[in-house]
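Following: one structure in structure tokens, then a few remarks.
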Amino acid sequence: MDPLPLTSIRPVFRAAAVAFVPALEPASPAIWEAVERTIAAALAGRPPGVTRQLALFLRMLDLAARLRHGRSLAGLDLLARVRLLERFERSPILLVRRGIWGLRTLVFMGYYTQEPVIAGLGYRASAAGWSARR
Amino acid sequence: MTTRRYDVVIVGAGAGGGTMAARLVPLAAAGKKVLVLEQGPRFLDHDFTGRELDMAPALFADGGGFLTADGSMTLAFGQGYGGSTIVYTGTSLIAPERVIRRWNVPDLIHSDLAARSARYLGQNNVHLLPTDEINENNRLFVTGAAKAGYHAERFPLNLKGCRGSSLCNLGCPNAAKQGTHRVQLPAAERGGVEVVTRAEVRRLGEGRLEVRITPRPAGGKGTESEWAPGEYSVATDHVVLAGGSIGTSALLLRSGLAGLPVRVGHGFTAHPAFVLVAEHARPVENDVGHPKSFFLDRGEREGFVLETCMYFPFVTAKNLTGFGPDHARMMEAFPRLQMILVLACDRAVEGNRITINRSGKAVVHYGFTQTVRESLAAATRAAARIFFAAGAVRVHAPLADPPVIEARDQGRIDQLIAARHFLPGATSISSAHLMGGAGMGWSAADSVTDGFGRVHGRPWLRVADSSLFPDALEINPYLTIMALADRVADGLLADLKTN
Ligand SMILES: Cc1cc2nc3c(=O)[nH]c(=O)nc-3n(C[C@H](O)[C@H](O)[C@H](O)COP(=O)(O)OP(=O)(O)OC[C@H]3O[C@@H](n4cnc5c(N)ncnc54)[C@H](O)[C@@H]3O)c2cc1C
Ligand code: SF4
């Protein structure tokens with residue numbers, strides 16, 4: 001089963017996700033699957049309209065890349081993609097800023113909650129607290 | 001529809017509801033039937049895994065992603081046996097005298113509130129952490145503040161057996177935090193008060209509540225409800241609303257009671273907050289030890305409070321401004337990070353309020369006033385000074401453009417950090433101090449309840465939670481909520497005695 005309810009625009013989603021978290025570029029299929037599964041679970045708890053809006057927003061980003069750079073979002077190199085998304089992040093239109101914020105938050109949720117990623121950051125909090133350290 | 005009858009029903013089992021429940025034990029002992037209805041579950045000790053992915057969806061409303069109507073602020077509030085006290089950090093402060101005076105609530109005097117607060121300080125085992133349990137993230141705040149010319153104060157904390165896991169906001173895995181789920185609610189149940197979880201009060205009418213009991217979802221945390229799933233009609237003489245700022249207003253509004261005070265939902269304040277992060281050149285002990293031991297109160301003079309904090313990777317990533325390589329570099333520096341939480345002391349203004357949508361769900365409208373933006377900027381400048389004085393090499397400041405300030409630029413903090421860089425929807429802002437919506441005051445024209453939480457014109461209906469605040473408290477609110485609920489309980493007990 002496809003974990004992410006955005007199959008038709010997966011390349012756009014992944015292109016944006018890599019711009020938000022560059023470490024995803026070389027990520028293994030297992031990490032991608034875990035990230036997308038986490039996001040899918042979060043979206044499943046939201047009204048269906050949220051997923052529709054997200055898909056629409058991703059299409060809008062892709063269209064903007066094509067109009068501005070003559071390439072799809074996935075076709076842009078990382079820096080150009082980041083710059084384009086940063087323009088939207090600073091857009092005068094609140095709805096657009098919100099869209100970027102929401103999308104990046106989902107990607108961060110997908111990525112920074114994975115155990116290997118957390119361990120890789122060196123974050124070691126555990127219930128044992130001090131007794132695990134001293 | 002199943003029908004039940006109780007003498008008093010409390011809606012919500014958080015800071016206010018838990019306090020109320022414990023105070024009504026003498027009623028239960030005298031044979032009266034007292035019921036607490038809580039929409040969230042009753043968690044078991046082993047449910048608290050400390051993992052962000054498990055805990056946030058289980059403990060927080062909308063999984064921690066509840067947004068204001070325009071999407072520019074995330075509101076964090078807990079749901080369950082204990083309400084937001086399950087996820088709070090346990091800092092326990094008595095309300096400032098100046099704030100209570102400014103509230104100008106009939107019969108509410110600071111000394112009374114302080115005496116009641118002191119009782120809960122004792123009940124909740126509030127004390128200062130021993131120095132050897134204070135981690136480096138907290139110590140850096142103190143030394144940085146002193147070098148920058150500020151005086152950091154120590155937070156009294158309500159802990160018993162804290163192991164320093166630093167996971168407080170994901171629910172304590174060591175049962176150490178003395179929230180109402182650990183102290184007042186168990187005491188209430190031992191004293192004969194009935195608590196029913198997974199019990200959402202859908203509507204409220206005079207003498208009757210419509211309640212829906214939901215089953216435990218497959219694989220979900222917590223126990224099954226104490227009642228069988230289904231629809232219930234609960235008859236009662238007295239209702240005490242303690243659903244939290246948002247829950248209480250939403251319930252009042254969707255119940256459509258005729259002639260309700262027009263101020264329901266108004267006066268919402270939130271202490272809008274963001275997280276500032278600084279990178280040091282060497283490791284900082286930050287992910288072990290209680291996260292919040294110190295604060296800097298500039299509420300009176302500059303409209304802000306700084307607190308030490310340490311968040312989990314996802315919450316940290318979400319709170320940093322921006323994304324891409326710069327953001328990733330900051331995240332990769334996690335073991336070298338110092339963190340400070342910045343809170344603005346906002347004021348109740350027209351327009352910032354709670355309403356409901358067509359399905360009766362709360363919608364929170366919140367706009368950032370220029371004063372709040374200036375307070376956030378002033379707070380960010382103070383925090384940046386503290387970070388650099390503590391030895392940070394760079395500071396991530398959302399109100400700077402670009403948001404990263406290098407140590408070599410610390411002399412230009414005043415120019416670099418400015419309110420004009422605040423961009424709602426792009427700057428990550430959140431709130432965990434939700435206040436107002438059913439504020440206390442003099443009459444139905446200016447408020448929802450009187451000084452004892454009685455809804456104007458409805459002797460059977462009371463409020464006993466953070467909704468009562470007529471304006472922001474300017475410090476961490478839970479202790480004041482408990483003190484106010486304690487007062488409401490006195491009022492109810494006195495009325496019942498007279499009648
Ligand atoms: C992450 C976090 C950290 C915090 N840290 C601190 C701190 O360190 N110090 C401090 O002073 N404060 C802190 N706070 C704030 C403090 O926890 C809250 O202000 C306080 O718990 C609010 O009390 P309350 O009774 O108003 O609502 P809550 O404690 O939120 O309880 C309301 C309860 O009512 C239930 N409810 C709502 N509607 C209904 C309904 N219709 N039917 C049935 N049940 C309903 C909810 O599910 C909830 O359990 C923190 C809050 C958060 C979220
Ligand atoms: S730091 Fe202490 S109170 Fe907080 S979660 Fe850990 S053990 Fe519990």
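Letters for chains follow the order of the structure tokens (A, B, ...), residue numbers begin at 1 for each chain, and ligand numbers begin at 1 in the order shown.
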If we count only C-alpha atoms, what is near A:Phe57 at a cut-off of 9 Å, once residues fewer than 3 positions away on the same chain are taken out, given as a PDB file with N, CA and C atoms, in the first residue's frame?
```pdb
ATOM      1  N   ARG A  52      -5.924  17.503   0.455  1.00  0.00           N
ATOM      2  CA  ARG A  52      -6.241  18.118  -0.853  1.00  0.00           C
ATOM      3  C   ARG A  52      -5.512  19.447  -0.998  1.00  0.00           C
ATOM      4  N   GLN A  53      -5.555  20.266   0.060  1.00  0.00           N
ATOM      5  CA  GLN A  53      -4.875  21.572   0.009  1.00  0.00           C
ATOM      6  C   GLN A  53      -3.374  21.404  -0.179  1.00  0.00           C
ATOM      7  N   LEU A  54      -2.846  20.400   0.477  1.00  0.00           N
ATOM      8  CA  LEU A  54      -1.409  20.140   0.390  1.00  0.00           C
ATOM      9  C   LEU A  54      -1.039  19.771  -1.050  1.00  0.00           C
ATOM     10  N   MET A  60       1.086  23.975  -7.143  1.00  0.00           N
ATOM     11  CA  MET A  60       1.355  25.408  -7.345  1.00  0.00           C
ATOM     12  C   MET A  60       2.868  25.659  -7.307  1.00  0.00           C
ATOM     13  N   LEU A  61       3.571  25.006  -6.394  1.00  0.00           N
ATOM     14  CA  LEU A  61       5.029  25.178  -6.312  1.00  0.00           C
ATOM     15  C   LEU A  61       5.702  24.698  -7.595  1.00  0.00           C
ATOM     16  N   ASP A  62       5.222  23.564  -8.088  1.00  0.00           N
ATOM     17  CA  ASP A  62       5.821  23.008  -9.307  1.00  0.00           C
ATOM     18  C   ASP A  62       5.589  23.950 -10.488  1.00  0.00           C
ATOM     19  N   VAL A  96       0.235  31.733   1.399  1.00  0.00           N
ATOM     20  CA  VAL A  96       1.405  31.095   0.779  1.00  0.00           C
ATOM     21  C   VAL A  96       2.457  30.803   1.850  1.00  0.00           C
ATOM     22  N   GLY A  99       1.434  27.914   3.761  1.00  0.00           N
ATOM     23  CA  GLY A  99       1.598  26.675   2.986  1.00  0.00           C
ATOM     24  C   GLY A  99       3.009  26.139   3.144  1.00  0.00           C
ATOM     25  N   ILE A 100       3.991  27.024   3.009  1.00  0.00           N
ATOM     26  CA  ILE A 100       5.388  26.589   3.143  1.00  0.00           C
ATOM     27  C   ILE A 100       5.641  26.107   4.564  1.00  0.00           C
ATOM     28  N   LEU A 103       4.060  22.712   5.096  1.00  0.00           N
ATOM     29  CA  LEU A 103       4.746  21.650   4.365  1.00  0.00           C
ATOM     30  C   LEU A 103       6.078  21.310   5.039  1.00  0.00           C
TER      31      LEU A 103
END
```
Please find the residues of chain A near chain B - the criterion being any atom within 7 Å, counting only C-alpha atoms - and write them as a count of residues only.
27
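Among B:Cys309, B:Ala348, B:Leu121, B:Ala273, the residue with the shortest atom-to-atom distance to ligand 2, counting only C-alpha atoms and all ligand atoms, is B:Cys309.
Of the listed residues (A:Ala30, A:Ala40, A:Ala55, A:Ala16), A:Ala16 comes nearest to A:Leu85; the distances count only C-alpha atoms.
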For B:Leu252, please output as a list in words all residues within 10 Å (counting only C-alpha atoms; exclusion window: fewer than 2 positions along the same chain).
Arg202, Arg203, Leu204, Gly205, Leu241, Gly247, Thr248, Ser249, Ala250, Arg254, Ser255, Gly256, Leu257, Leu260, Val264, Gly265, Ile356, Gly437 and Ala438 of chain B
Selection file, all heavy atoms, as a CSV table (one decimal), in the first residue's frame:
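So the final result, stored in result.csv, reads:
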```
chain,number,residue,atom,x,y,z
B,202,ARG,N,-20.8,17.2,24.9
B,202,ARG,CA,-21.1,17.8,23.6
B,202,ARG,C,-21.9,19.1,23.7
B,202,ARG,O,-21.7,20.0,23.0
B,202,ARG,CB,-21.9,16.8,22.7
B,202,ARG,CG,-21.4,15.3,22.8
B,202,ARG,CD,-20.4,15.1,21.7
B,202,ARG,NE,-21.0,15.2,20.4
B,202,ARG,CZ,-20.3,15.2,19.3
B,202,ARG,NH1,-19.0,15.2,19.3
B,202,ARG,NH2,-20.9,15.3,18.1
B,203,ARG,N,-22.9,19.0,24.6
B,203,ARG,CA,-23.7,20.2,24.8
B,203,ARG,C,-24.1,20.3,26.3
B,203,ARG,O,-24.1,19.3,27.0
B,203,ARG,CB,-25.0,20.1,23.9
B,203,ARG,CG,-24.7,20.4,22.5
B,203,ARG,CD,-26.0,20.2,21.7
B,203,ARG,NE,-26.9,21.3,21.8
B,203,ARG,CZ,-26.9,22.3,21.0
B,203,ARG,NH1,-26.0,22.5,20.1
B,203,ARG,NH2,-27.8,23.3,21.1
B,204,LEU,N,-24.6,21.5,26.6
B,204,LEU,CA,-24.9,21.8,28.0
B,204,LEU,C,-26.2,22.5,28.0
B,204,LEU,O,-26.4,23.4,27.2
B,204,LEU,CB,-23.8,22.7,28.4
B,204,LEU,CG,-23.8,23.4,29.7
B,204,LEU,CD1,-23.5,22.4,30.8
B,204,LEU,CD2,-22.6,24.5,29.7
B,205,GLY,N,-27.1,22.0,28.9
B,205,GLY,CA,-28.4,22.8,29.0
B,205,GLY,C,-28.6,22.9,30.5
B,205,GLY,O,-27.9,22.3,31.3
B,241,LEU,N,-17.5,24.2,34.7
B,241,LEU,CA,-16.7,24.1,33.5
B,241,LEU,C,-15.3,24.2,33.7
B,241,LEU,O,-14.8,25.3,34.2
B,241,LEU,CB,-17.2,25.1,32.4
B,241,LEU,CG,-18.7,25.0,32.0
B,241,LEU,CD1,-19.0,26.0,31.0
B,241,LEU,CD2,-19.0,23.6,31.5
B,247,GLY,N,-11.6,24.8,25.4
B,247,GLY,CA,-12.7,23.8,25.6
B,247,GLY,C,-13.9,24.4,26.3
B,247,GLY,O,-15.0,24.2,25.9
B,248,THR,N,-13.7,25.3,27.3
B,248,THR,CA,-14.8,25.9,28.0
B,248,THR,C,-15.6,26.8,27.1
B,248,THR,O,-16.8,26.8,27.0
B,248,THR,CB,-14.4,26.6,29.3
B,248,THR,OG1,-14.0,25.5,30.2
B,248,THR,CG2,-15.4,27.4,29.9
B,249,SER,N,-14.9,27.7,26.4
B,249,SER,CA,-15.6,28.7,25.5
B,249,SER,C,-16.3,27.9,24.4
B,249,SER,O,-17.4,28.2,24.1
B,249,SER,CB,-14.5,29.6,24.8
B,249,SER,OG,-14.2,30.6,25.8
B,250,ALA,N,-15.6,26.9,23.8
B,250,ALA,CA,-16.3,26.2,22.7
B,250,ALA,C,-17.6,25.5,23.2
B,250,ALA,O,-18.6,25.6,22.5
B,250,ALA,CB,-15.3,25.2,22.1
B,254,ARG,N,-21.2,26.4,21.7
B,254,ARG,CA,-22.0,25.4,20.9
B,254,ARG,C,-23.3,25.0,21.6
B,254,ARG,O,-24.2,24.4,21.0
B,254,ARG,CB,-21.2,24.3,20.4
B,254,ARG,CG,-20.8,23.3,21.4
B,254,ARG,CD,-20.1,22.0,20.8
B,254,ARG,NE,-19.5,21.2,21.8
B,254,ARG,CZ,-18.3,21.2,22.2
B,254,ARG,NH1,-17.4,22.0,21.6
B,254,ARG,NH2,-17.8,20.4,23.2
B,255,SER,N,-23.3,25.2,22.9
B,255,SER,CA,-24.6,24.8,23.6
B,255,SER,C,-25.7,25.8,23.3
B,255,SER,O,-26.9,25.5,23.6
B,255,SER,CB,-24.3,24.8,25.1
B,255,SER,OG,-23.3,23.8,25.4
B,256,GLY,N,-25.4,27.0,22.9
B,256,GLY,CA,-26.4,27.9,22.5
B,256,GLY,C,-27.4,28.3,23.6
B,256,GLY,O,-28.6,28.5,23.3
B,257,LEU,N,-26.9,28.4,24.8
B,257,LEU,CA,-27.8,28.8,25.9
B,257,LEU,C,-28.3,30.2,25.7
B,257,LEU,O,-27.5,31.1,25.4
B,257,LEU,CB,-27.0,28.7,27.3
B,257,LEU,CG,-26.5,27.4,27.7
B,257,LEU,CD1,-25.5,27.5,28.9
B,257,LEU,CD2,-27.6,26.5,28.2
B,260,LEU,N,-26.8,34.0,27.3
B,260,LEU,CA,-25.5,33.9,27.8
B,260,LEU,C,-24.7,35.2,27.7
B,260,LEU,O,-24.9,36.0,26.8
B,260,LEU,CB,-24.7,32.8,27.0
B,260,LEU,CG,-23.7,32.0,27.7
B,260,LEU,CD1,-24.2,31.2,28.9
B,260,LEU,CD2,-23.1,31.0,26.7
B,264,VAL,N,-18.5,35.7,26.1
B,264,VAL,CA,-18.0,34.3,26.0
B,264,VAL,C,-17.1,34.3,24.8
B,264,VAL,O,-17.4,34.7,23.7
B,264,VAL,CB,-19.1,33.3,25.9
B,264,VAL,CG1,-18.6,31.9,25.6
B,264,VAL,CG2,-20.0,33.2,27.2
B,265,GLY,N,-15.9,33.7,25.0
B,265,GLY,CA,-14.9,33.6,23.9
B,265,GLY,C,-14.0,34.8,23.8
B,265,GLY,O,-12.9,34.7,23.2
B,356,ILE,N,-16.6,29.3,17.3
B,356,ILE,CA,-16.7,27.9,16.9
B,356,ILE,C,-17.1,27.9,15.4
B,356,ILE,O,-17.6,28.8,14.9
B,356,ILE,CB,-17.8,27.1,17.7
B,356,ILE,CG1,-19.1,27.9,17.8
B,356,ILE,CG2,-17.3,26.7,19.1
B,356,ILE,CD1,-20.3,27.1,18.3
B,437,GLY,N,-11.5,33.9,27.9
B,437,GLY,CA,-12.7,33.3,27.1
B,437,GLY,C,-13.9,33.3,28.0
B,437,GLY,O,-15.0,33.4,27.5
B,438,ALA,N,-13.8,33.2,29.3
B,438,ALA,CA,-14.9,33.3,30.2
B,438,ALA,C,-14.4,34.1,31.4
B,438,ALA,O,-14.5,33.6,32.6
B,438,ALA,CB,-15.4,31.9,30.6
```
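Counting only C-alpha atoms and all ligand atoms and comparing A:Ala42, A:Leu56, A:Ser131, A:Ile31, the residue that lies closest to ligand 2 is A:Ser131.
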Report as a ChimeraX atom specification all protein, DNA and RNA residues lying within 9 Å of B:Asp401, evaluated on only C-alpha atoms, omitting residues in the same chain fewer than 5 positions from it.
/B:416-418,421
Please identify the residues whose atoms come within 7 Å of ligand 1, using only C-alpha atoms and all ligand atoms, and report them as number ranges by chain.
B: 11-17, 37-40, 76-85, 87-93, 169, 199-202, 242-245, 247-248, 251, 432-434, 465-467, 476-479, 481
Could you pull the residues within 6 Å of A:Gly110, counting only C-alpha atoms, minus those fewer than 2 positions along the same chain, as an NGL selection string?
:A and (35 or 38-39 or 107-108)
Export, as an mmCIF file, in the first residue's frame, the selected residues with all heavy atoms.
```cif
data_model
loop_
_atom_site.group_PDB
_atom_site.id
_atom_site.type_symbol
_atom_site.label_atom_id
_atom_site.label_comp_id
_atom_site.auth_asym_id
_atom_site.auth_seq_id
_atom_site.Cartn_x
_atom_site.Cartn_y
_atom_site.Cartn_z
ATOM 1 N N VAL A 35 9.595 8.206 6.545
ATOM 2 C CA VAL A 35 9.200 9.620 6.559
ATOM 3 C C VAL A 35 7.774 9.759 6.011
ATOM 4 O O VAL A 35 6.906 10.408 6.616
ATOM 5 C CB VAL A 35 10.195 10.451 5.710
ATOM 6 C CG1 VAL A 35 9.651 11.849 5.447
ATOM 7 C CG2 VAL A 35 11.561 10.524 6.394
ATOM 8 N N THR A 38 5.082 8.365 8.280
ATOM 9 C CA THR A 38 4.807 9.244 9.425
ATOM 10 C C THR A 38 3.903 10.396 8.999
ATOM 11 O O THR A 38 2.939 10.751 9.693
ATOM 12 C CB THR A 38 6.138 9.801 9.979
ATOM 13 O OG1 THR A 38 6.982 8.703 10.303
ATOM 14 C CG2 THR A 38 5.920 10.651 11.213
ATOM 15 N N ILE A 39 4.218 10.972 7.845
ATOM 16 C CA ILE A 39 3.413 12.098 7.364
ATOM 17 C C ILE A 39 1.995 11.625 7.039
ATOM 18 O O ILE A 39 1.008 12.289 7.379
ATOM 19 C CB ILE A 39 4.080 12.748 6.134
ATOM 20 C CG1 ILE A 39 5.429 13.353 6.546
ATOM 21 C CG2 ILE A 39 3.170 13.789 5.493
ATOM 22 C CD1 ILE A 39 6.245 13.886 5.383
ATOM 23 N N VAL A 107 7.395 17.765 6.807
ATOM 24 C CA VAL A 107 8.644 17.089 6.432
ATOM 25 C C VAL A 107 9.546 16.934 7.661
ATOM 26 O O VAL A 107 10.121 15.869 7.894
ATOM 27 C CB VAL A 107 9.361 17.856 5.298
ATOM 28 C CG1 VAL A 107 10.729 17.241 5.009
ATOM 29 C CG2 VAL A 107 8.497 17.859 4.039
ATOM 30 N N PHE A 108 9.641 17.983 8.462
ATOM 31 C CA PHE A 108 10.443 17.887 9.691
ATOM 32 C C PHE A 108 9.887 16.786 10.594
ATOM 33 O O PHE A 108 10.631 16.038 11.216
ATOM 34 C CB PHE A 108 10.459 19.222 10.452
ATOM 35 C CG PHE A 108 11.228 20.325 9.767
ATOM 36 C CD1 PHE A 108 10.978 21.659 10.071
ATOM 37 C CD2 PHE A 108 12.208 20.038 8.831
ATOM 38 C CE1 PHE A 108 11.678 22.683 9.459
ATOM 39 C CE2 PHE A 108 12.919 21.059 8.203
ATOM 40 C CZ PHE A 108 12.650 22.380 8.516
#
```
List the spatial neighbours of B:Val448 as a CSV table (one decimal) with C-alpha atoms, in the first residue's frame - criterion: any atom at most 12 Å away, only C-alpha atoms, same-chain residues fewer than 3 positions off excluded.
```
chain,number,residue,atom,x,y,z
B,105,VAL,CA,-12.0,41.5,39.7
B,248,THR,CA,-14.8,25.9,28.0
B,249,SER,CA,-15.6,28.7,25.5
B,252,LEU,CA,-20.5,27.4,26.0
B,259,GLY,CA,-29.1,34.9,27.3
B,260,LEU,CA,-25.5,33.9,27.8
B,261,PRO,CA,-23.1,36.8,28.6
B,262,VAL,CA,-21.9,38.3,25.3
B,263,ARG,CA,-18.3,38.1,26.3
B,264,VAL,CA,-18.0,34.3,26.0
B,265,GLY,CA,-14.9,33.6,23.9
B,266,HIS,CA,-13.5,37.1,24.3
B,267,GLY,CA,-10.4,38.3,26.1
B,436,GLY,CA,-9.4,33.9,29.0
B,437,GLY,CA,-12.7,33.3,27.1
B,438,ALA,CA,-14.9,33.3,30.2
B,439,GLY,CA,-13.3,36.0,32.2
B,440,MET,CA,-14.2,37.2,35.7
B,441,GLY,CA,-15.6,40.7,36.1
B,442,TRP,CA,-18.4,42.9,37.4
B,443,SER,CA,-21.4,42.2,35.2
B,444,ALA,CA,-22.5,40.4,32.0
B,445,ALA,CA,-21.6,43.5,30.1
B,451,GLY,CA,-15.2,36.9,41.1
B,452,PHE,CA,-16.1,33.3,42.2
B,453,GLY,CA,-16.5,31.9,38.7
B,454,ARG,CA,-20.3,32.0,38.7
B,455,VAL,CA,-21.6,32.7,35.2
B,456,HIS,CA,-23.6,35.9,35.4
B,457,GLY,CA,-27.3,35.1,35.6
B,458,ARG,CA,-26.8,31.3,35.8
B,461,LEU,CA,-23.2,27.2,36.2
B,462,ARG,CA,-19.6,27.9,37.2
B,463,VAL,CA,-16.2,28.1,35.5
B,467,SER,CA,-10.8,30.8,31.0
B,468,LEU,CA,-11.4,32.9,34.1
B,469,PHE,CA,-8.4,35.1,33.5
B,470,PRO,CA,-9.6,38.5,32.4
```
10 Å contact set for B:Glu302, only C-alpha atoms, chain neighbours under 4 positions out, as a compact mmCIF listing (two decimals) with N, CA and C atoms, in the first residue's frame:
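Dumped to around_8.txt:
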```txt
# COMPACT_ATOMS: atom_id res chain seq x y z
N ASP B 297 12.40 37.57 34.47
CA ASP B 297 11.09 38.22 34.38
C ASP B 297 11.25 39.70 34.04
N ARG B 298 10.97 40.04 32.79
CA ARG B 298 10.99 41.45 32.38
C ARG B 298 9.56 41.88 32.02
N ALA B 344 6.02 36.57 25.19
CA ALA B 344 5.56 37.95 25.24
C ALA B 344 4.35 38.04 26.17
N CYS B 345 4.31 39.10 26.97
CA CYS B 345 3.15 39.32 27.84
C CYS B 345 2.13 40.10 27.01
N THR B 371 2.64 45.95 19.93
CA THR B 371 3.28 45.84 21.25
C THR B 371 3.87 44.44 21.45
N GLU B 374 6.98 44.09 19.38
CA GLU B 374 8.12 44.81 19.99
C GLU B 374 8.64 44.04 21.21
N SER B 375 7.72 43.47 21.99
CA SER B 375 8.15 42.68 23.16
C SER B 375 8.98 41.48 22.71
N LEU B 376 8.53 40.81 21.65
CA LEU B 376 9.27 39.65 21.15
C LEU B 376 10.66 40.07 20.67
N ALA B 378 12.39 42.75 21.72
CA ALA B 378 13.19 43.10 22.91
C ALA B 378 13.68 41.83 23.61
N ALA B 379 12.78 40.85 23.69
CA ALA B 379 13.14 39.58 24.33
C ALA B 379 14.24 38.87 23.55
```
